[in-house]
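A.B. asks: What follows is protein_27.csv, made up of CSV, C-alpha atoms:
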```csv
chain,number,residue,atom,x,y,z
B,1,MET,CA,31.4,-3.9,-9.3
B,2,LYS,CA,27.7,-4.7,-8.7
B,3,GLN,CA,25.8,-1.8,-7.0
B,4,GLU,CA,24.6,-2.7,-3.5
B,5,ALA,CA,20.8,-3.0,-3.2
B,6,ARG,CA,19.2,-0.1,-1.5
B,7,LEU,CA,15.4,0.3,-1.1
B,8,GLY,CA,13.9,3.8,-1.4
B,9,ILE,CA,10.7,4.3,0.5
B,10,LEU,CA,8.6,7.2,-0.8
B,11,GLY,CA,6.4,7.8,2.2
B,12,GLY,CA,4.5,10.3,4.4
B,13,MET,CA,1.2,9.2,3.0
B,14,GLY,CA,0.5,9.0,5.9
B,15,PRO,CA,3.6,9.0,8.1
B,16,GLN,CA,2.3,6.3,10.5
B,17,ALA,CA,1.7,4.0,7.5
B,18,THR,CA,5.3,4.6,6.4
B,19,GLN,CA,6.6,3.6,9.9
B,20,VAL,CA,4.5,0.5,9.8
B,21,PHE,CA,5.7,-0.4,6.3
B,22,TYR,CA,9.3,-0.2,7.3
B,23,GLN,CA,8.5,-2.4,10.3
B,24,PHE,CA,7.0,-4.9,7.9
B,25,VAL,CA,10.2,-4.9,5.9
B,26,LEU,CA,12.2,-5.5,9.1
B,27,ASP,CA,9.8,-8.3,10.2
B,28,ARG,CA,9.9,-10.1,6.8
B,29,THR,CA,13.7,-10.0,6.4
B,30,ASP,CA,15.4,-13.2,7.6
B,31,ALA,CA,18.1,-11.4,9.5
B,32,ALA,CA,20.1,-12.3,12.6
B,33,ARG,CA,22.1,-9.0,13.0
B,34,ASP,CA,22.1,-5.4,11.8
B,35,GLN,CA,24.2,-6.2,8.8
B,36,ASP,CA,21.7,-8.8,7.5
B,37,HIS,CA,19.0,-6.2,6.9
B,38,LEU,CA,18.2,-4.4,3.7
B,39,PRO,CA,19.7,-0.9,3.4
B,40,ALA,CA,16.9,1.7,3.0
B,41,VAL,CA,16.4,5.4,2.5
B,42,ILE,CA,13.1,6.6,3.9
B,43,LEU,CA,11.6,9.9,2.7
B,44,SER,CA,8.5,10.7,4.7
B,45,ASP,CA,7.2,13.7,2.7
B,46,THR,CA,4.2,14.7,4.8
B,47,GLY,CA,3.7,17.8,2.6
B,48,ILE,CA,2.4,15.7,-0.3
B,49,PRO,CA,-1.1,16.9,-1.1
B,50,ASP,CA,-4.0,14.5,-0.3
B,51,ARG,CA,-4.2,12.0,-3.1
B,52,THR,CA,-7.9,11.4,-3.1
B,53,ALA,CA,-8.8,15.1,-3.1
B,54,ALA,CA,-6.4,15.8,-5.9
B,55,ILE,CA,-7.5,12.9,-8.1
B,56,LEU,CA,-11.2,13.5,-7.6
B,57,SER,CA,-10.9,17.2,-8.3
B,58,GLY,CA,-8.8,16.6,-11.4
B,59,ASP,CA,-6.1,18.9,-10.2
B,60,THR,CA,-3.3,16.4,-10.1
B,61,GLU,CA,-0.2,18.0,-11.8
B,62,GLY,CA,1.1,19.6,-8.6
B,63,LEU,CA,0.8,16.2,-6.8
B,64,TYR,CA,2.5,14.4,-9.6
B,65,ARG,CA,5.4,16.8,-9.7
B,66,ARG,CA,5.9,16.4,-6.0
B,67,LEU,CA,5.9,12.6,-6.2
B,68,LEU,CA,8.3,12.7,-9.1
B,69,GLY,CA,10.7,15.1,-7.3
B,70,ASP,CA,10.7,12.8,-4.3
B,71,ALA,CA,11.2,9.7,-6.4
B,72,LYS,CA,14.2,11.3,-8.2
B,73,LEU,CA,15.6,12.4,-4.9
B,74,LEU,CA,15.6,8.7,-3.8
B,75,GLU,CA,17.0,7.7,-7.1
B,76,GLY,CA,19.8,10.2,-6.6
B,77,CYS,CA,20.6,8.7,-3.2
B,78,GLY,CA,21.5,5.4,-4.9
B,79,CYS,CA,18.3,3.5,-4.3
B,80,THR,CA,18.0,0.5,-6.6
B,81,ALA,CA,14.2,0.0,-6.2
B,82,LEU,CA,11.4,2.2,-4.9
B,83,ALA,CA,8.4,1.3,-2.8
B,84,ILE,CA,5.5,3.7,-2.4
B,85,PRO,CA,3.4,2.7,0.7
B,86,CYS,CA,0.3,4.5,-0.5
B,87,ASN,CA,-2.3,2.7,-2.7
B,88,THR,CA,-4.0,5.8,-4.1
B,89,SER,CA,-0.7,7.3,-5.3
B,90,HIS,CA,-0.3,4.3,-7.6
B,91,TYR,CA,-2.7,6.2,-9.9
B,92,PHE,CA,0.6,7.9,-11.0
B,93,ALA,CA,2.9,4.8,-10.8
B,94,ASP,CA,3.3,4.0,-14.5
B,95,ARG,CA,3.8,7.7,-15.4
B,96,LEU,CA,6.4,8.0,-12.7
B,97,GLN,CA,8.1,4.9,-13.9
B,98,GLY,CA,8.5,6.4,-17.3
B,99,GLU,CA,10.7,9.2,-15.9
B,100,LEU,CA,12.8,7.0,-13.6
B,101,ARG,CA,15.8,4.7,-14.1
B,102,VAL,CA,15.1,2.5,-11.1
B,103,PRO,CA,12.0,0.2,-10.8
B,104,ILE,CA,9.0,1.0,-8.8
B,105,ILE,CA,7.6,-2.1,-7.0
B,106,HIS,CA,3.9,-1.8,-8.0
B,107,MET,CA,2.0,-2.6,-4.8
B,108,LEU,CA,-1.4,-3.1,-6.5
B,109,ARG,CA,0.0,-5.2,-9.3
B,110,GLU,CA,1.9,-7.4,-6.9
B,111,THR,CA,-1.1,-7.8,-4.6
B,112,ALA,CA,-3.4,-8.9,-7.5
B,113,ALA,CA,-0.7,-11.4,-8.6
B,114,ALA,CA,-0.4,-12.7,-5.1
B,115,LEU,CA,-4.2,-13.3,-4.9
B,116,ALA,CA,-4.3,-15.0,-8.2
B,117,ALA,CA,-1.4,-17.3,-7.1
B,118,GLN,CA,-3.5,-18.2,-4.1
B,119,GLY,CA,-6.4,-19.2,-6.3
B,120,LYS,CA,-8.7,-16.3,-5.2
B,121,LYS,CA,-11.4,-15.2,-7.6
B,122,ARG,CA,-13.5,-12.4,-6.1
B,123,PRO,CA,-11.6,-9.9,-3.8
B,124,GLY,CA,-13.4,-7.1,-2.0
B,125,ILE,CA,-11.5,-3.8,-2.2
B,126,LEU,CA,-11.3,-1.7,0.9
B,127,ALA,CA,-9.7,1.6,-0.2
B,128,THR,CA,-10.1,5.4,-0.4
B,129,ASP,CA,-12.7,7.0,-2.7
B,130,GLY,CA,-9.8,7.9,-5.0
B,131,THR,CA,-8.6,4.4,-5.4
B,132,ILE,CA,-12.1,3.0,-5.8
B,133,GLN,CA,-13.4,5.6,-8.3
B,134,THR,CA,-10.4,5.5,-10.5
B,135,GLY,CA,-10.7,1.7,-10.8
B,136,LEU,CA,-7.1,1.1,-9.9
B,137,TYR,CA,-7.6,-2.3,-8.3
B,138,GLN,CA,-10.4,-3.3,-10.6
B,139,ARG,CA,-8.0,-3.0,-13.6
B,140,GLU,CA,-5.1,-4.8,-11.9
B,141,CYS,CA,-7.3,-7.6,-10.7
B,142,ALA,CA,-9.0,-8.0,-14.1
B,143,ALA,CA,-5.6,-8.3,-15.7
B,144,VAL,CA,-5.0,-11.6,-13.8
B,145,GLY,CA,-8.5,-12.9,-14.0
B,146,LEU,CA,-9.9,-11.6,-10.7
B,147,GLU,CA,-13.3,-9.9,-10.3
B,148,ALA,CA,-12.7,-7.0,-7.8
B,149,VAL,CA,-15.7,-5.9,-5.9
B,150,ALA,CA,-16.1,-2.3,-4.6
B,151,PRO,CA,-18.2,-1.7,-1.5
B,152,GLY,CA,-21.6,-0.1,-1.8
B,153,PRO,CA,-22.0,3.6,-0.9
B,154,GLU,CA,-22.8,3.1,2.8
B,155,THR,CA,-20.0,0.6,3.3
B,156,GLN,CA,-17.6,2.9,1.5
B,157,LYS,CA,-18.5,5.8,3.9
B,158,LEU,CA,-17.5,3.5,6.8
B,159,VAL,CA,-14.2,2.7,5.1
B,160,MET,CA,-13.5,6.4,4.5
B,161,SER,CA,-14.5,7.2,8.1
B,162,ILE,CA,-12.0,4.7,9.5
B,163,ILE,CA,-9.3,6.1,7.3
B,164,TYR,CA,-9.8,9.8,7.6
B,165,ASP,CA,-11.8,10.3,10.8
B,166,GLU,CA,-9.8,7.8,12.9
B,167,ILE,CA,-6.5,6.4,11.7
B,168,LYS,CA,-5.2,9.7,10.1
B,169,GLN,CA,-6.2,11.5,13.3
B,170,GLY,CA,-4.1,9.2,15.5
B,171,GLU,CA,-6.9,6.9,16.7
B,172,THR,CA,-6.9,3.1,16.6
B,173,GLY,CA,-10.0,2.8,14.5
B,174,SER,CA,-13.5,1.5,15.3
B,175,ARG,CA,-13.9,-2.3,15.5
B,176,GLU,CA,-17.7,-1.8,15.3
B,177,LYS,CA,-17.4,0.1,11.9
B,178,PHE,CA,-15.1,-2.6,10.6
B,179,ALA,CA,-17.5,-5.3,11.7
B,180,GLN,CA,-20.1,-3.7,9.5
B,181,ILE,CA,-17.7,-3.6,6.6
B,182,ASP,CA,-16.8,-7.2,7.1
B,183,ARG,CA,-20.4,-8.3,7.0
B,184,ALA,CA,-21.0,-6.4,3.8
B,185,VAL,CA,-18.0,-7.8,2.0
B,186,ARG,CA,-18.8,-11.3,2.9
B,187,LYS,CA,-22.4,-10.9,2.0
B,188,ALA,CA,-21.2,-9.7,-1.5
B,189,GLY,CA,-19.8,-13.1,-2.0
B,190,CYS,CA,-16.1,-12.1,-1.8
B,191,ASP,CA,-13.6,-14.9,-1.1
B,192,CYS,CA,-11.1,-12.5,0.3
B,193,ALA,CA,-10.7,-8.7,0.8
B,194,ILE,CA,-7.7,-6.4,0.2
B,195,LEU,CA,-6.7,-3.8,2.8
B,196,ALA,CA,-6.1,-1.4,-0.1
B,197,CYS,CA,-5.3,1.7,1.9
B,198,THR,CA,-2.2,1.9,4.1
B,199,GLU,CA,-4.3,3.4,6.9
B,200,LEU,CA,-6.2,0.1,7.0
B,201,SER,CA,-2.8,-1.6,7.3
B,202,VAL,CA,-2.3,0.5,10.4
B,203,PHE,CA,-5.8,-0.5,11.6
B,204,ALA,CA,-4.8,-4.1,11.3
B,205,THR,CA,-1.8,-3.6,13.6
B,206,TYR,CA,-4.2,-2.6,16.4
B,207,HIS,CA,-6.9,-5.1,15.5
B,208,PRO,CA,-5.5,-8.4,14.1
B,209,LEU,CA,-7.7,-9.6,11.3
B,210,PRO,CA,-8.3,-13.1,9.9
B,211,SER,CA,-6.5,-14.5,6.8
B,212,PHE,CA,-9.6,-13.5,4.8
B,213,TYR,CA,-7.9,-10.0,4.7
B,214,VAL,CA,-4.8,-9.6,2.5
B,215,ASP,CA,-2.7,-6.5,3.4
B,216,ALA,CA,-1.4,-4.9,0.2
B,217,MET,CA,1.3,-3.1,2.2
B,218,MET,CA,2.6,-6.4,3.6
B,219,VAL,CA,2.7,-7.8,0.1
B,220,LEU,CA,4.7,-4.7,-0.9
B,221,ALA,CA,7.2,-5.3,2.0
B,222,GLU,CA,7.7,-8.9,1.0
B,223,ARG,CA,8.3,-8.0,-2.7
B,224,ALA,CA,10.7,-5.2,-1.6
B,225,VAL,CA,12.8,-7.7,0.4
B,226,GLU,CA,12.9,-10.2,-2.4
B,227,ARG,CA,13.5,-7.7,-5.2
B,228,CYS,CA,16.5,-6.3,-3.3
B,229,GLY,CA,17.9,-9.9,-3.0
B,230,TYR,CA,17.3,-10.5,0.6
B,231,PRO,CA,15.8,-13.7,2.1
B,232,LEU,CA,12.2,-13.7,3.4
B,233,ARG,CA,11.6,-14.8,7.0
B,234,THR,CA,9.1,-17.6,7.3
B,235,ILE,CA,6.2,-16.6,9.6
```
Give the structure from this file in structure tokens form.
C.D. replies:
Amino acid sequence: MKQEARLGILGGMGPQATQVFYQFVLDRTDAARDQDHLPAVILSDTGIPDRTAAILSGDTEGLYRRLLGDAKLLEGCGCTALAIPCNTSHYFADRLQGELRVPIIHMLRETAAALAAQGKKRPGILATDGTIQTGLYQRECAAVGLEAVAPGPETQKLVMSIIYDEIKQGETGSREKFAQIDRAVRKAGCDCAILACTELSVFATYHPLPSFYVDAMMVLAERAVERCGYPLRTI
């Protein structure tokens, strides 16, 4: 008998982003009743150490072991695919995959593939210092022929301020700061920009953004629905 599809969500990075991600999954599933929705197990491990701080300090082993323990817990719960709604933690995704039996839906890889399919060429990357400095999106984009553009230092400070000083502290985020970011990304000649931090996905729920911005967490939600064999809702 074929195992029932069950999505494992390794969250808590941050917890509000996890809640928004699951809402994305619900919104993108073509369902008319409870039973039409994708079964999911959500682990919101808010005790996971800060990903950017760990990666930039080089002290990553404790963080990795925590992520692996959580992933194995979800695997043990019968999950058939895993989604990790945190861009920076994908620094460990391939290593984690090597120790798991179930597939991780790679948010960064799927986002780069989606942009390439749309004919984009030069995406701006709005992400944490950890994601930017490790070149995570730059590598995934280059693999499909895209030239990823990281913000300049002053723009990156604004991105980090929205993430850490505002959204992670329960605020809705500064439209004025984001407007400065938007001007800088467009001036750099980008033909789109990736919301490459899940706190920026949360920001976009408060401040709807134009189609120029591609939400990596929404891409992850769509691929999660599809990979688990459920139909996408047309929006």
A.B. asks: Neighbouring residues of segment 51-68 of chain B were defined as those with any atom within 7 Å, considering all atoms listed in the file; residues of the same chain fewer than 4 positions away were excluded. Please report them as an MDAnalysis selection string.
C.D. replies: chainID B and resid 72 88:89 92 96 128:130
A.B. asks: Which is closer to Cys190 of chain B than all the others in B:Ala150, B:Ala112, B:Val219, B:Leu43, using only C-alpha atoms?
C.D. replies: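 Checking each candidate against Cys190 of chain B, we get B:Ala150 as the closest.
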A.B. asks: Which residues come within 9 Å of Glu222 of chain B, counting all atoms listed in the file, excluding same-chain residues fewer than 5 positions away, as a list in words?
C.D. replies: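 That gives Phe24, Val25, Arg28, Thr29, Met217, Arg227 and Leu232 of chain B.
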A.B. asks: Could you state the separation of atom CA of Leu100 of chain B and atom CA of Asp70 of chain B in Å, given to one decimal place?
C.D. replies: 11.2 Å
A.B. asks: May I have the residues within 9 Å of Val185 of chain B as a CSV table (one decimal) with C-alpha atoms, in the coordinates of the input, using all atoms listed in the file and disregarding those fewer than 5 positions away in the same chain?
C.D. replies:
```
chain,number,residue,atom,x,y,z
B,123,PRO,CA,-11.6,-9.9,-3.8
B,124,GLY,CA,-13.4,-7.1,-2.0
B,125,ILE,CA,-11.5,-3.8,-2.2
B,149,VAL,CA,-15.7,-5.9,-5.9
B,150,ALA,CA,-16.1,-2.3,-4.6
B,151,PRO,CA,-18.2,-1.7,-1.5
B,155,THR,CA,-20.0,0.6,3.3
B,180,GLN,CA,-20.1,-3.7,9.5
B,190,CYS,CA,-16.1,-12.1,-1.8
B,191,ASP,CA,-13.6,-14.9,-1.1
B,192,CYS,CA,-11.1,-12.5,0.3
B,193,ALA,CA,-10.7,-8.7,0.8
```
A.B. asks: Do a neighbour search on segment 11-15 of chain B at 6 Å with all atoms listed in the file, toss out local chain neighbours closer than 4 positions, and write the hits as a ChimeraX atom specification.
C.D. replies: /B:43-46,86
A.B. asks: Just the number, please: distance in Å from atom CA of Pro39 of chain B to atom CA of Arg6 of chain B, one decimal.
C.D. replies: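 Between these atoms lies a distance of 5.0 Å.
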A.B. asks: For Leu38 of chain B, which residue among B:Leu195, B:Cys141, B:Leu209, B:Cys228 is the nearest when counting all atoms listed in the file?
C.D. replies: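 When distances to Leu38 of chain B are compared using all atoms listed in the file, the smallest one comes from B:Cys228.
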A.B. asks: Please work out which residues fall within 7 Å of (20.1, -4.5, -9.2), coordinates as given in the file, with all atoms listed in the file counting, and return them as an MDAnalysis selection string.
C.D. replies: chainID B and resid 3 5 80
A.B. asks: Set out as JSON lines a contact list for segment 72-170 of chain B and segment 202-207 of chain B with a cut-off of 12 Å, giving each residue of segment 72-170 of chain B that qualifies its closest atom pair and distance in Å to one decimal, counting only C-alpha atoms, ordered by chain and rising residue number.
C.D. replies:
```
{"residue": "B:Pro85", "atom": "CA", "partner": "B:Val202", "partner_atom": "CA", "distance": 11.5}
{"residue": "B:Cys86", "atom": "CA", "partner": "B:Val202", "partner_atom": "CA", "distance": 11.9}
{"residue": "B:Val159", "atom": "CA", "partner": "B:Phe203", "partner_atom": "CA", "distance": 11.1}
{"residue": "B:Ile162", "atom": "CA", "partner": "B:Phe203", "partner_atom": "CA", "distance": 8.4}
{"residue": "B:Ile163", "atom": "CA", "partner": "B:Phe203", "partner_atom": "CA", "distance": 8.6}
{"residue": "B:Tyr164", "atom": "CA", "partner": "B:Phe203", "partner_atom": "CA", "distance": 11.8}
{"residue": "B:Glu166", "atom": "CA", "partner": "B:Phe203", "partner_atom": "CA", "distance": 9.3}
{"residue": "B:Ile167", "atom": "CA", "partner": "B:Phe203", "partner_atom": "CA", "distance": 6.9}
{"residue": "B:Lys168", "atom": "CA", "partner": "B:Val202", "partner_atom": "CA", "distance": 9.7}
{"residue": "B:Gly170", "atom": "CA", "partner": "B:Val202", "partner_atom": "CA", "distance": 10.2}
```
A.B. asks: Write out, as a PDB file, in the coordinates of the input, the residues just selected, with C-alpha atoms.
C.D. replies:
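Output file out.pdb is given in full below:
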```
ATOM      1  CA  PRO B  85       3.400   2.700   0.700  1.00  0.00           C
ATOM      2  CA  CYS B  86       0.300   4.500  -0.500  1.00  0.00           C
ATOM      3  CA  VAL B 159     -14.200   2.700   5.100  1.00  0.00           C
ATOM      4  CA  ILE B 162     -12.000   4.700   9.500  1.00  0.00           C
ATOM      5  CA  ILE B 163      -9.300   6.100   7.300  1.00  0.00           C
ATOM      6  CA  TYR B 164      -9.800   9.800   7.600  1.00  0.00           C
ATOM      7  CA  GLU B 166      -9.800   7.800  12.900  1.00  0.00           C
ATOM      8  CA  ILE B 167      -6.500   6.400  11.700  1.00  0.00           C
ATOM      9  CA  LYS B 168      -5.200   9.700  10.100  1.00  0.00           C
ATOM     10  CA  GLY B 170      -4.100   9.200  15.500  1.00  0.00           C
TER      11      GLY B 170
END
```
A.B. asks: Given the choices B:Glu99, B:Glu110, B:Glu147, B:Glu75, which gets closest to Arg223 of chain B if the distance is worked out from only C-alpha atoms?
C.D. replies: B:Glu110
A.B. asks: Record the distance separating atom CA of Leu136 of chain B and atom CA of Ala179 of chain B, expressed in Å with one decimal.
C.D. replies: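 Atom-to-atom, atom CA of Leu136 of chain B to atom CA of Ala179 of chain B, that is 24.8 Å.
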A.B. asks: Taking the point (15.0, 4.4, -1.1) as given in the file, collect each protein or nucleic acid residue that comes within 8 Å of it, counting all atoms listed in the file, and present the set as a ChimeraX atom specification.
C.D. replies: /B:6-10,40-43,74-75,77-83
A.B. asks: Report as a PyMOL selection string all protein, DNA and RNA residues lying within 9 Å of Asn87 of chain B, evaluated on all atoms listed in the file, omitting residues in the same chain fewer than 4 positions from it.
C.D. replies: chain B and resi 91+107-108+127-128+131+136+196-198+216-217
A.B. asks: Output segment 157-183 of chain B as a compact mmCIF listing (two decimals), in the coordinates of the input, making sure N, CA, C and O atoms are there.
C.D. replies:
```txt
# COMPACT_ATOMS: atom_id res chain seq x y z
N LYS B 157 -18.58 4.65 2.89
CA LYS B 157 -18.50 5.80 3.90
C LYS B 157 -17.87 5.29 5.16
O LYS B 157 -17.11 6.04 5.78
N LEU B 158 -18.15 4.07 5.58
CA LEU B 158 -17.50 3.50 6.80
C LEU B 158 -16.03 3.35 6.59
O LEU B 158 -15.24 3.66 7.49
N VAL B 159 -15.63 2.86 5.42
CA VAL B 159 -14.20 2.70 5.10
C VAL B 159 -13.51 4.05 5.19
O VAL B 159 -12.45 4.20 5.83
N MET B 160 -14.08 5.06 4.55
CA MET B 160 -13.50 6.40 4.50
C MET B 160 -13.43 6.99 5.95
O MET B 160 -12.48 7.71 6.30
N SER B 161 -14.44 6.70 6.75
CA SER B 161 -14.50 7.20 8.10
C SER B 161 -13.34 6.64 8.95
O SER B 161 -12.66 7.36 9.69
N ILE B 162 -13.10 5.34 8.82
CA ILE B 162 -12.00 4.70 9.50
C ILE B 162 -10.67 5.34 9.10
O ILE B 162 -9.80 5.67 9.93
N ILE B 163 -10.51 5.55 7.79
CA ILE B 163 -9.30 6.10 7.30
C ILE B 163 -9.03 7.52 7.70
O ILE B 163 -7.98 7.85 8.28
N TYR B 164 -10.01 8.39 7.44
CA TYR B 164 -9.80 9.80 7.60
C TYR B 164 -10.20 10.36 8.99
O TYR B 164 -9.53 11.25 9.53
N ASP B 165 -11.29 9.83 9.55
CA ASP B 165 -11.80 10.30 10.80
C ASP B 165 -11.06 9.71 12.02
O ASP B 165 -11.11 10.25 13.12
N GLU B 166 -10.43 8.57 11.78
CA GLU B 166 -9.80 7.80 12.90
C GLU B 166 -8.34 7.62 12.74
O GLU B 166 -7.54 8.24 13.46
N ILE B 167 -7.90 6.79 11.81
CA ILE B 167 -6.50 6.40 11.70
C ILE B 167 -5.62 7.67 11.43
O ILE B 167 -4.60 7.92 12.09
N LYS B 168 -6.01 8.47 10.44
CA LYS B 168 -5.20 9.70 10.10
C LYS B 168 -5.21 10.69 11.24
O LYS B 168 -4.35 11.57 11.28
N GLN B 169 -6.14 10.56 12.18
CA GLN B 169 -6.20 11.50 13.30
C GLN B 169 -5.56 10.86 14.58
O GLN B 169 -5.71 11.39 15.68
N GLY B 170 -4.83 9.76 14.38
CA GLY B 170 -4.10 9.20 15.50
C GLY B 170 -4.86 8.23 16.36
O GLY B 170 -4.37 7.81 17.41
N GLU B 171 -6.07 7.86 15.96
CA GLU B 171 -6.90 6.90 16.70
C GLU B 171 -6.62 5.49 16.23
O GLU B 171 -5.99 5.28 15.19
N THR B 172 -7.11 4.52 16.97
CA THR B 172 -6.90 3.10 16.60
C THR B 172 -7.89 2.55 15.65
O THR B 172 -7.66 1.49 15.08
N GLY B 173 -9.02 3.23 15.48
CA GLY B 173 -10.00 2.80 14.50
C GLY B 173 -11.14 1.97 15.22
O GLY B 173 -10.91 1.26 16.19
N SER B 174 -12.34 2.09 14.68
CA SER B 174 -13.50 1.50 15.30
C SER B 174 -13.70 0.03 14.85
O SER B 174 -13.89 -0.26 13.67
N ARG B 175 -13.66 -0.86 15.82
CA ARG B 175 -13.90 -2.30 15.50
C ARG B 175 -15.37 -2.46 15.08
O ARG B 175 -15.67 -3.33 14.26
N GLU B 176 -16.27 -1.64 15.63
CA GLU B 176 -17.70 -1.80 15.30
C GLU B 176 -17.92 -1.40 13.81
O GLU B 176 -18.66 -2.09 13.10
N LYS B 177 -17.29 -0.31 13.36
CA LYS B 177 -17.40 0.10 11.90
C LYS B 177 -16.84 -1.04 11.06
O LYS B 177 -17.43 -1.40 10.03
N PHE B 178 -15.69 -1.56 11.45
CA PHE B 178 -15.10 -2.60 10.60
C PHE B 178 -15.91 -3.85 10.58
O PHE B 178 -15.97 -4.53 9.53
N ALA B 179 -16.58 -4.15 11.67
CA ALA B 179 -17.50 -5.30 11.70
C ALA B 179 -18.58 -5.18 10.67
O ALA B 179 -18.97 -6.15 10.00
N GLN B 180 -19.11 -3.97 10.53
CA GLN B 180 -20.10 -3.70 9.50
C GLN B 180 -19.57 -3.90 8.10
O GLN B 180 -20.23 -4.46 7.21
N ILE B 181 -18.36 -3.41 7.90
CA ILE B 181 -17.70 -3.60 6.60
C ILE B 181 -17.50 -5.05 6.31
O ILE B 181 -17.76 -5.52 5.20
N ASP B 182 -17.04 -5.79 7.30
CA ASP B 182 -16.80 -7.20 7.10
C ASP B 182 -18.05 -7.96 6.72
O ASP B 182 -18.03 -8.77 5.78
N ARG B 183 -19.16 -7.66 7.36
CA ARG B 183 -20.40 -8.30 7.00
C ARG B 183 -20.82 -8.02 5.57
O ARG B 183 -21.28 -8.90 4.84
```
